[in-house]
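Colleague: Before anything else, here's the structure in question.
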Amino acid sequence: MAGHSLLETITDSLAPVHRDGHKFVAIGLAVTLLLLWLVPTLGWIAAIITAWVIYFFRDPDRVTPLRDGLIVAPADGKVSLIEKVRPPAELELGDDERVRISIFLSVFDVHIQRSPLAGRIIRSLYVPGAFLNAALDKASEENERRTIVVETSAGLKVAVVQIAGLVARRIVTFADEGDNIGVGERFGLIRFGSRVDTYLPPGAFPAVAVGQRAIGGETVLSDLRSTEPEREARQH
(Lines give C-alpha, C1' and ligand atoms only; values in the text may rest on other atoms or scores of the structure.)
Protein backbone atom coordinates (compact mmCIF):
# COMPACT_ATOMS: atom_id res chain seq x y z
CA MET A 1 0.00 0.00 0.00
CA ALA A 2 1.33 3.43 -0.97
CA GLY A 3 2.61 5.40 1.98
CA HIS A 4 2.73 2.34 4.23
CA SER A 5 6.05 2.55 6.07
CA LEU A 6 8.21 -0.35 7.19
CA LEU A 7 7.43 0.50 10.82
CA GLU A 8 3.69 0.37 10.09
CA THR A 9 4.12 -2.98 8.36
CA ILE A 10 5.92 -4.37 11.43
CA THR A 11 3.45 -2.95 13.96
CA ASP A 12 0.48 -4.25 11.90
CA SER A 13 1.88 -7.78 12.29
CA LEU A 14 2.03 -7.52 16.09
CA ALA A 15 -0.91 -8.51 18.28
CA PRO A 16 -1.71 -7.29 21.80
CA VAL A 17 -1.25 -9.62 24.76
CA HIS A 18 -4.50 -10.80 26.30
CA ARG A 19 -5.07 -9.60 29.86
CA ASP A 20 -4.93 -13.20 31.17
CA GLY A 21 -1.28 -13.30 30.11
CA HIS A 22 -0.19 -10.07 31.76
CA LYS A 23 0.78 -11.72 35.04
CA PHE A 24 2.83 -14.40 33.27
CA VAL A 25 4.64 -11.77 31.21
CA ALA A 26 5.30 -9.70 34.34
CA ILE A 27 6.76 -12.72 36.15
CA GLY A 28 8.89 -13.57 33.12
CA LEU A 29 10.26 -10.03 32.86
CA ALA A 30 11.05 -9.92 36.58
CA VAL A 31 12.89 -13.27 36.45
CA THR A 32 14.72 -12.20 33.30
CA LEU A 33 15.97 -8.95 34.83
CA LEU A 34 17.06 -10.73 38.00
CA LEU A 35 18.95 -13.43 36.10
CA LEU A 36 20.54 -10.91 33.73
CA TRP A 37 21.97 -9.25 36.81
CA LEU A 38 23.05 -12.46 38.57
CA VAL A 39 23.73 -14.97 35.75
CA PRO A 40 23.59 -13.31 32.31
CA THR A 41 23.55 -16.59 30.37
CA LEU A 42 20.46 -17.79 32.21
CA GLY A 43 19.00 -14.31 31.84
CA TRP A 44 19.08 -14.55 28.06
CA ILE A 45 17.41 -17.96 28.22
CA ALA A 46 14.71 -16.45 30.45
CA ALA A 47 14.32 -13.60 27.94
CA ILE A 48 13.61 -16.10 25.14
CA ILE A 49 11.05 -17.93 27.29
CA THR A 50 9.39 -14.61 28.19
CA ALA A 51 9.22 -13.67 24.50
CA TRP A 52 7.49 -16.99 23.82
CA VAL A 53 4.98 -16.31 26.63
CA ILE A 54 4.18 -12.94 25.03
CA TYR A 55 3.72 -14.74 21.70
CA PHE A 56 1.51 -17.44 23.26
CA PHE A 57 -0.91 -14.98 24.84
CA ARG A 58 -1.31 -12.86 21.71
CA ASP A 59 -4.88 -11.82 20.98
CA PRO A 60 -5.22 -10.63 17.38
CA ASP A 61 -8.35 -9.00 15.98
CA ARG A 62 -10.34 -11.09 13.54
CA VAL A 63 -12.74 -10.29 10.68
CA THR A 64 -15.86 -12.38 11.37
CA PRO A 65 -18.53 -13.06 8.71
CA LEU A 66 -21.95 -11.99 10.02
CA ARG A 67 -24.47 -13.68 7.72
CA ASP A 68 -27.11 -15.77 9.45
CA GLY A 69 -26.55 -19.50 9.07
CA LEU A 70 -22.77 -19.41 9.24
CA ILE A 71 -20.96 -21.25 12.03
CA VAL A 72 -17.37 -20.08 12.40
CA ALA A 73 -14.38 -21.80 13.95
CA PRO A 74 -14.11 -21.20 17.70
CA ALA A 75 -10.33 -21.65 17.70
CA ASP A 76 -7.14 -21.47 15.69
CA GLY A 77 -5.48 -24.76 14.82
CA LYS A 78 -5.58 -27.84 12.65
CA VAL A 79 -8.85 -29.64 11.93
CA SER A 80 -7.87 -33.03 13.34
CA LEU A 81 -11.15 -34.95 13.26
CA ILE A 82 -14.61 -34.75 11.70
CA GLU A 83 -17.13 -37.42 12.62
CA LYS A 84 -20.80 -38.03 13.36
CA VAL A 85 -21.40 -38.86 17.00
CA ARG A 86 -24.09 -38.80 19.64
CA PRO A 87 -23.21 -35.85 21.88
CA PRO A 88 -22.24 -36.66 25.48
CA ALA A 89 -25.16 -36.60 27.92
CA GLU A 90 -23.50 -33.73 29.81
CA LEU A 91 -24.26 -31.42 26.86
CA GLU A 92 -28.01 -32.06 27.12
CA LEU A 93 -28.39 -31.96 23.34
CA GLY A 94 -30.49 -35.10 22.94
CA ASP A 95 -29.65 -38.39 21.23
CA ASP A 96 -29.59 -37.27 17.59
CA GLU A 97 -26.21 -37.66 15.93
CA ARG A 98 -24.32 -34.46 15.22
CA VAL A 99 -21.16 -33.67 13.30
CA ARG A 100 -18.30 -33.02 15.70
CA ILE A 101 -15.40 -30.98 14.36
CA SER A 102 -12.21 -31.15 16.44
CA ILE A 103 -9.53 -28.47 16.18
CA PHE A 104 -6.13 -29.25 17.67
CA LEU A 105 -4.16 -26.29 19.03
CA SER A 106 -0.40 -26.56 19.26
CA VAL A 107 1.54 -24.38 21.68
CA PHE A 108 2.23 -22.04 18.73
CA ASP A 109 -1.44 -21.33 17.91
CA VAL A 110 -3.52 -18.44 19.21
CA HIS A 111 -5.29 -19.86 22.27
CA ILE A 112 -8.26 -17.50 22.52
CA GLN A 113 -11.63 -19.16 21.86
CA ARG A 114 -14.50 -17.38 20.10
CA SER A 115 -18.22 -18.06 19.83
CA PRO A 116 -19.13 -19.90 16.61
CA LEU A 117 -22.45 -18.04 16.29
CA ALA A 118 -24.59 -15.41 17.99
CA GLY A 119 -27.03 -16.41 20.70
CA ARG A 120 -27.42 -17.00 24.41
CA ILE A 121 -25.24 -19.29 26.50
CA ILE A 122 -27.78 -21.75 27.92
CA ARG A 123 -25.25 -24.13 29.47
CA SER A 124 -21.74 -23.74 30.88
CA LEU A 125 -20.27 -26.80 32.52
CA TYR A 126 -16.82 -27.66 33.87
CA VAL A 127 -15.84 -31.36 33.95
CA PRO A 128 -12.62 -32.43 35.73
CA GLY A 129 -10.63 -35.16 34.03
CA ALA A 130 -7.33 -36.48 32.78
CA PHE A 131 -4.63 -34.73 30.72
CA LEU A 132 -4.23 -37.13 27.81
CA ASN A 133 -2.81 -36.05 24.46
CA ALA A 134 -5.52 -33.71 23.13
CA ALA A 135 -5.12 -35.19 19.64
CA LEU A 136 -6.55 -38.52 20.82
CA ASP A 137 -10.23 -39.19 20.13
CA LYS A 138 -10.90 -40.28 23.72
CA ALA A 139 -9.71 -36.89 24.99
CA SER A 140 -13.22 -35.59 24.19
CA GLU A 141 -14.68 -37.67 27.01
CA GLU A 142 -11.77 -38.29 29.38
CA ASN A 143 -9.83 -35.02 29.62
CA GLU A 144 -10.52 -31.97 31.74
CA ARG A 145 -12.93 -29.78 29.77
CA ARG A 146 -15.45 -26.97 29.82
CA THR A 147 -18.53 -26.88 27.64
CA ILE A 148 -20.67 -23.98 26.56
CA VAL A 149 -23.91 -24.44 24.60
CA VAL A 150 -25.07 -21.46 22.56
CA GLU A 151 -28.72 -21.26 21.46
CA THR A 152 -29.78 -18.92 18.66
CA SER A 153 -33.02 -16.96 18.54
CA ALA A 154 -34.29 -19.62 16.11
CA GLY A 155 -33.69 -22.38 18.67
CA LEU A 156 -30.56 -23.90 17.08
CA LYS A 157 -28.00 -25.19 19.59
CA VAL A 158 -24.26 -25.47 19.04
CA ALA A 159 -21.88 -26.79 21.69
CA VAL A 160 -18.22 -25.85 22.02
CA VAL A 161 -15.97 -27.90 24.30
CA GLN A 162 -12.60 -26.59 25.50
CA ILE A 163 -10.43 -29.65 26.18
CA ALA A 164 -7.18 -29.56 28.15
CA GLY A 165 -4.18 -31.41 26.75
CA LEU A 166 -0.84 -32.80 27.92
CA VAL A 167 0.55 -29.37 28.73
CA ALA A 168 -2.64 -27.45 29.48
CA ARG A 169 -3.63 -27.23 33.10
CA ARG A 170 -6.03 -24.33 33.08
CA ILE A 171 -9.21 -23.56 31.15
CA VAL A 172 -10.40 -19.96 31.43
CA THR A 173 -13.83 -18.61 30.47
CA PHE A 174 -14.90 -15.00 30.07
CA ALA A 175 -18.63 -15.59 29.56
CA ASP A 176 -21.22 -17.05 31.94
CA GLU A 177 -24.38 -19.09 31.58
CA GLY A 178 -27.23 -16.79 30.64
CA ASP A 179 -25.02 -14.28 28.82
CA ASN A 180 -25.78 -13.17 25.29
CA ILE A 181 -22.79 -13.56 22.99
CA GLY A 182 -22.03 -12.38 19.47
CA VAL A 183 -20.52 -14.47 16.70
CA GLY A 184 -16.73 -14.32 16.92
CA GLU A 185 -16.85 -12.83 20.42
CA ARG A 186 -14.14 -14.08 22.77
CA PHE A 187 -15.40 -16.46 25.45
CA GLY A 188 -12.37 -18.35 26.73
CA LEU A 189 -8.73 -19.39 26.67
CA ILE A 190 -6.78 -22.58 27.34
CA ARG A 191 -3.20 -22.72 28.64
CA PHE A 192 -0.87 -24.11 27.01
CA GLY A 193 -1.90 -26.61 24.30
CA SER A 194 -5.29 -28.13 23.76
CA ARG A 195 -8.25 -29.05 21.58
CA VAL A 196 -11.65 -27.52 20.90
CA ASP A 197 -14.65 -29.58 19.74
CA THR A 198 -17.68 -28.07 18.02
CA TYR A 199 -20.98 -29.98 17.80
CA LEU A 200 -23.02 -28.76 14.83
CA PRO A 201 -26.83 -28.79 14.75
CA PRO A 202 -28.39 -32.07 13.49
CA GLY A 203 -28.29 -32.28 9.70
CA ALA A 204 -25.53 -29.67 9.28
CA PHE A 205 -22.61 -30.49 6.99
CA PRO A 206 -19.00 -29.43 7.63
CA ALA A 207 -17.49 -26.88 5.26
CA VAL A 208 -13.92 -27.81 6.25
CA ALA A 209 -11.77 -30.92 5.85
CA VAL A 210 -9.40 -32.85 8.09
CA GLY A 211 -5.92 -31.37 7.90
CA GLN A 212 -7.16 -27.86 7.10
CA ARG A 213 -5.97 -24.93 9.18
CA ALA A 214 -8.76 -23.03 10.92
CA ILE A 215 -8.67 -19.40 12.01
CA GLY A 216 -10.82 -18.71 15.06
CA GLY A 217 -13.62 -16.26 14.37
CA GLU A 218 -13.03 -16.31 10.60
CA THR A 219 -13.03 -19.81 9.09
CA VAL A 220 -16.55 -21.04 8.28
CA LEU A 221 -17.06 -24.52 9.75
CA SER A 222 -20.59 -24.94 8.38
CA ASP A 223 -23.18 -23.01 6.37
CA LEU A 224 -26.68 -23.96 7.48
CA ARG A 225 -28.15 -22.39 4.34
CA SER A 226 -25.95 -24.34 1.95
CA THR A 227 -27.07 -27.51 0.16
CA GLU A 228 -23.46 -28.51 -0.55
CA PRO A 229 -22.69 -32.03 0.75
CA GLU A 230 -19.71 -32.81 2.94
CA ARG A 231 -16.57 -31.63 1.20
CA GLU A 232 -13.87 -33.83 -0.21
CA ALA A 233 -10.34 -32.51 -0.07
CA ARG A 234 -6.74 -33.58 -0.48
CA GLN A 235 -3.47 -32.42 0.95
CA HIS A 236 -0.70 -31.61 -1.52
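If you're wondering about the labels, chains in the C-alpha coordinates are A, B, ... by order shown, residues count from 1 in each chain, ligands from 1 in order shown.
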For Leu29 of chain A, work out the shell of residues within 9 Å, counting only C-alpha atoms and skipping chain neighbours fewer than 6 positions away, then give it as a PyMOL selection string.
Modeller: chain A and resi 46-47+50
Colleague: List the spatial neighbours of Ile171 of chain A as a list in words - criterion: any atom at most 8 Å away, only C-alpha atoms, same-chain residues fewer than 4 positions off excluded.
Modeller: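 Non-adjacent residues within range: Arg145, Arg146, Gln162, Ile163, Ala164, Gly188, Leu189, Ile190 and Arg191 of chain A.
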Colleague: Measure the distance from atom CA of Tyr126 of chain A to atom CA of Ala175 of chain A in Å and round it to one decimal.
Modeller: 12.9 Å
Colleague: Counting only C-alpha atoms, what is within 9 Å of segment 103-105 of chain A, bar same-chain residues fewer than 6 positions away, as an MDAnalysis selection string?
Modeller: chainID A and resid 73:81 111 134:135 192:198 213:214
Colleague: Could you check the closest approach to Gly94 of chain A for each of A:Asp59, A:Pro202, A:Gly184, A:Phe24 and tell me which residue wins, using only C-alpha atoms?
Modeller: A:Pro202
Colleague: Pick out each residue of segment 3-207 of chain A that DSSP on the backbone tags as helix (DSSP H, G or I); I need them as a PyMOL selection string.
Modeller: chain A and resi 6-12+19-38+40-56+89-91+139-142
Colleague: Could you name the residues that touch Val99 of chain A at 10 Å or less, counting only C-alpha atoms, but leaving out those on the same chain fewer than 3 positions away, as an NGL selection string?
Modeller: :A and (82-87 or 102 or 198-206)
Colleague: How many Å lie between atom CA of Ile215 of chain A and atom CA of Ile181 of chain A, rounded to one decimal?
Modeller: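 Pair atom CA of Ile215 of chain A / atom CA of Ile181 of chain A returns 18.8 Å.
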Colleague: Write out as a list of chain:residue names which residues come within 12 Å of Tyr55 of chain A when counting only C-alpha atoms, dropping same-chain ones fewer than 5 positions away.
Modeller: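 In the requested format, the answer is A:Ser13, A:Leu14, A:Ala15, A:Pro16, A:Val17, A:His18, A:Gly21, A:His22, A:Phe24, A:Val25, A:Ile48, A:Ile49, A:Thr50, A:Pro60, A:Val107, A:Phe108, A:Asp109, A:Val110, A:His111, A:Phe192.
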Colleague: Since we have the selection now, will you write its residues out, keeping all heavy atoms, as a short mmCIF file (atom, residue, chain, number, x, y, z; two decimals), in the first residue's frame?
Modeller:
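Heads up, here's the output in selection16.cif:
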```
data_model
loop_
_atom_site.label_atom_id
_atom_site.label_comp_id
_atom_site.auth_asym_id
_atom_site.auth_seq_id
_atom_site.Cartn_x
_atom_site.Cartn_y
_atom_site.Cartn_z
N SER A 13 1.74 -6.33 12.12
CA SER A 13 1.88 -7.78 12.29
C SER A 13 1.92 -8.20 13.75
O SER A 13 1.90 -9.39 14.06
CB SER A 13 3.14 -8.28 11.58
OG SER A 13 4.30 -7.77 12.22
N LEU A 14 1.98 -7.23 14.66
CA LEU A 14 2.03 -7.52 16.09
C LEU A 14 0.61 -7.56 16.65
O LEU A 14 -0.27 -6.84 16.20
CB LEU A 14 2.86 -6.48 16.83
CG LEU A 14 4.32 -6.34 16.39
CD1 LEU A 14 4.99 -5.21 17.15
CD2 LEU A 14 5.08 -7.65 16.58
N ALA A 15 0.40 -8.40 17.64
CA ALA A 15 -0.91 -8.51 18.28
C ALA A 15 -0.77 -8.20 19.76
O ALA A 15 0.26 -8.52 20.38
CB ALA A 15 -1.48 -9.92 18.10
N PRO A 16 -1.78 -7.58 20.36
CA PRO A 16 -1.71 -7.29 21.80
C PRO A 16 -1.73 -8.58 22.62
O PRO A 16 -2.21 -9.62 22.15
CB PRO A 16 -2.96 -6.45 22.05
CG PRO A 16 -3.90 -6.82 20.94
CD PRO A 16 -3.04 -7.11 19.75
N VAL A 17 -1.23 -8.49 23.83
CA VAL A 17 -1.25 -9.62 24.76
C VAL A 17 -2.58 -9.60 25.51
O VAL A 17 -3.00 -8.56 26.02
CB VAL A 17 -0.08 -9.54 25.76
CG1 VAL A 17 -0.16 -10.65 26.80
CG2 VAL A 17 1.24 -9.61 25.01
N HIS A 18 -3.24 -10.74 25.57
CA HIS A 18 -4.50 -10.80 26.30
C HIS A 18 -4.26 -10.56 27.79
O HIS A 18 -3.21 -10.93 28.33
CB HIS A 18 -5.16 -12.18 26.10
CG HIS A 18 -6.55 -12.25 26.64
ND1 HIS A 18 -6.83 -12.63 27.93
CD2 HIS A 18 -7.75 -11.96 26.07
CE1 HIS A 18 -8.13 -12.59 28.13
NE2 HIS A 18 -8.71 -12.18 27.02
N GLY A 21 -2.71 -13.02 30.17
CA GLY A 21 -1.28 -13.30 30.11
C GLY A 21 -0.41 -12.26 30.76
O GLY A 21 0.81 -12.47 30.89
N HIS A 22 -1.00 -11.15 31.20
CA HIS A 22 -0.19 -10.07 31.76
C HIS A 22 0.64 -10.52 32.96
O HIS A 22 1.82 -10.17 33.07
CB HIS A 22 -1.09 -8.90 32.17
CG HIS A 22 -1.68 -8.18 30.99
ND1 HIS A 22 -2.65 -7.19 31.11
CD2 HIS A 22 -1.45 -8.30 29.65
CE1 HIS A 22 -2.98 -6.75 29.91
NE2 HIS A 22 -2.28 -7.41 29.01
N PHE A 24 1.75 -13.50 33.67
CA PHE A 24 2.83 -14.40 33.27
C PHE A 24 3.97 -13.61 32.62
O PHE A 24 5.15 -13.91 32.85
CB PHE A 24 2.30 -15.45 32.29
CG PHE A 24 1.29 -16.39 32.90
CD1 PHE A 24 -0.07 -16.18 32.74
CD2 PHE A 24 1.71 -17.48 33.65
CE1 PHE A 24 -1.00 -17.04 33.30
CE2 PHE A 24 0.80 -18.35 34.21
CZ PHE A 24 -0.57 -18.12 34.05
N VAL A 25 3.61 -12.61 31.82
CA VAL A 25 4.64 -11.77 31.21
C VAL A 25 5.39 -10.99 32.28
O VAL A 25 6.63 -10.89 32.24
CB VAL A 25 4.00 -10.80 30.19
CG1 VAL A 25 5.05 -9.83 29.66
CG2 VAL A 25 3.37 -11.59 29.03
N ILE A 48 14.22 -15.35 26.26
CA ILE A 48 13.61 -16.10 25.14
C ILE A 48 12.30 -16.73 25.57
O ILE A 48 11.29 -16.68 24.84
CB ILE A 48 14.60 -17.18 24.63
CG1 ILE A 48 15.83 -16.51 24.00
CG2 ILE A 48 13.91 -18.10 23.64
CD1 ILE A 48 16.93 -17.47 23.64
N ILE A 49 12.29 -17.31 26.79
CA ILE A 49 11.05 -17.93 27.29
C ILE A 49 9.97 -16.86 27.48
O ILE A 49 8.80 -17.07 27.14
CB ILE A 49 11.32 -18.66 28.62
CG1 ILE A 49 12.28 -19.85 28.37
CG2 ILE A 49 10.02 -19.13 29.25
CD1 ILE A 49 12.74 -20.53 29.64
N THR A 50 10.35 -15.70 28.00
CA THR A 50 9.39 -14.61 28.19
C THR A 50 8.82 -14.14 26.85
O THR A 50 7.63 -13.85 26.74
CB THR A 50 10.05 -13.44 28.93
OG1 THR A 50 10.53 -13.89 30.20
CG2 THR A 50 9.05 -12.30 29.15
N PRO A 60 -5.02 -11.45 18.57
CA PRO A 60 -5.22 -10.63 17.38
C PRO A 60 -6.70 -10.38 17.10
O PRO A 60 -7.57 -11.17 17.48
CB PRO A 60 -4.61 -11.47 16.26
CG PRO A 60 -4.76 -12.89 16.75
CD PRO A 60 -4.59 -12.82 18.24
N VAL A 107 1.11 -25.47 20.78
CA VAL A 107 1.54 -24.38 21.68
C VAL A 107 1.88 -23.12 20.89
O VAL A 107 2.11 -22.06 21.48
CB VAL A 107 2.74 -24.80 22.54
CG1 VAL A 107 2.34 -25.88 23.52
CG2 VAL A 107 3.91 -25.25 21.67
N PHE A 108 1.90 -23.20 19.55
CA PHE A 108 2.23 -22.04 18.73
C PHE A 108 0.98 -21.35 18.16
O PHE A 108 1.09 -20.32 17.51
CB PHE A 108 3.16 -22.44 17.59
CG PHE A 108 4.46 -23.01 18.06
CD1 PHE A 108 4.70 -24.37 18.00
CD2 PHE A 108 5.44 -22.20 18.60
CE1 PHE A 108 5.90 -24.91 18.44
CE2 PHE A 108 6.65 -22.72 19.05
CZ PHE A 108 6.87 -24.08 18.97
N ASP A 109 -0.20 -21.92 18.41
CA ASP A 109 -1.44 -21.33 17.91
C ASP A 109 -1.97 -20.28 18.88
O ASP A 109 -1.67 -20.32 20.08
CB ASP A 109 -2.51 -22.41 17.71
CG ASP A 109 -2.24 -23.28 16.49
OD1 ASP A 109 -2.00 -22.71 15.41
OD2 ASP A 109 -2.27 -24.52 16.64
N VAL A 110 -2.79 -19.36 18.35
CA VAL A 110 -3.52 -18.44 19.21
C VAL A 110 -4.47 -19.27 20.07
O VAL A 110 -5.18 -20.15 19.55
CB VAL A 110 -4.32 -17.42 18.37
CG1 VAL A 110 -5.23 -16.59 19.26
CG2 VAL A 110 -3.36 -16.52 17.59
N HIS A 111 -4.51 -19.02 21.37
CA HIS A 111 -5.29 -19.86 22.27
C HIS A 111 -6.56 -19.19 22.81
O HIS A 111 -7.15 -19.66 23.78
CB HIS A 111 -4.42 -20.35 23.43
CG HIS A 111 -3.73 -21.64 23.11
ND1 HIS A 111 -2.85 -21.77 22.07
CD2 HIS A 111 -3.81 -22.88 23.68
CE1 HIS A 111 -2.41 -23.01 22.02
NE2 HIS A 111 -2.98 -23.70 22.97
N PHE A 192 -1.77 -24.65 28.00
CA PHE A 192 -0.87 -24.11 27.01
C PHE A 192 -0.81 -25.01 25.79
O PHE A 192 0.22 -25.22 25.20
CB PHE A 192 0.54 -24.03 27.59
CG PHE A 192 0.78 -22.87 28.52
CD1 PHE A 192 0.55 -23.01 29.88
CD2 PHE A 192 1.23 -21.67 28.03
CE1 PHE A 192 0.79 -21.95 30.73
CE2 PHE A 192 1.48 -20.61 28.88
CZ PHE A 192 1.25 -20.75 30.23
#
```
Colleague: With distances taken over only C-alpha atoms, which of A:Leu221, A:Ile112, A:Ala154, A:Ile122 is nearest to Thr173 of chain A?
Modeller: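 Checking each of A:Leu221, A:Ile112, A:Ala154, A:Ile122 against Thr173 of chain A, counting only C-alpha atoms, the winner is A:Ile112.
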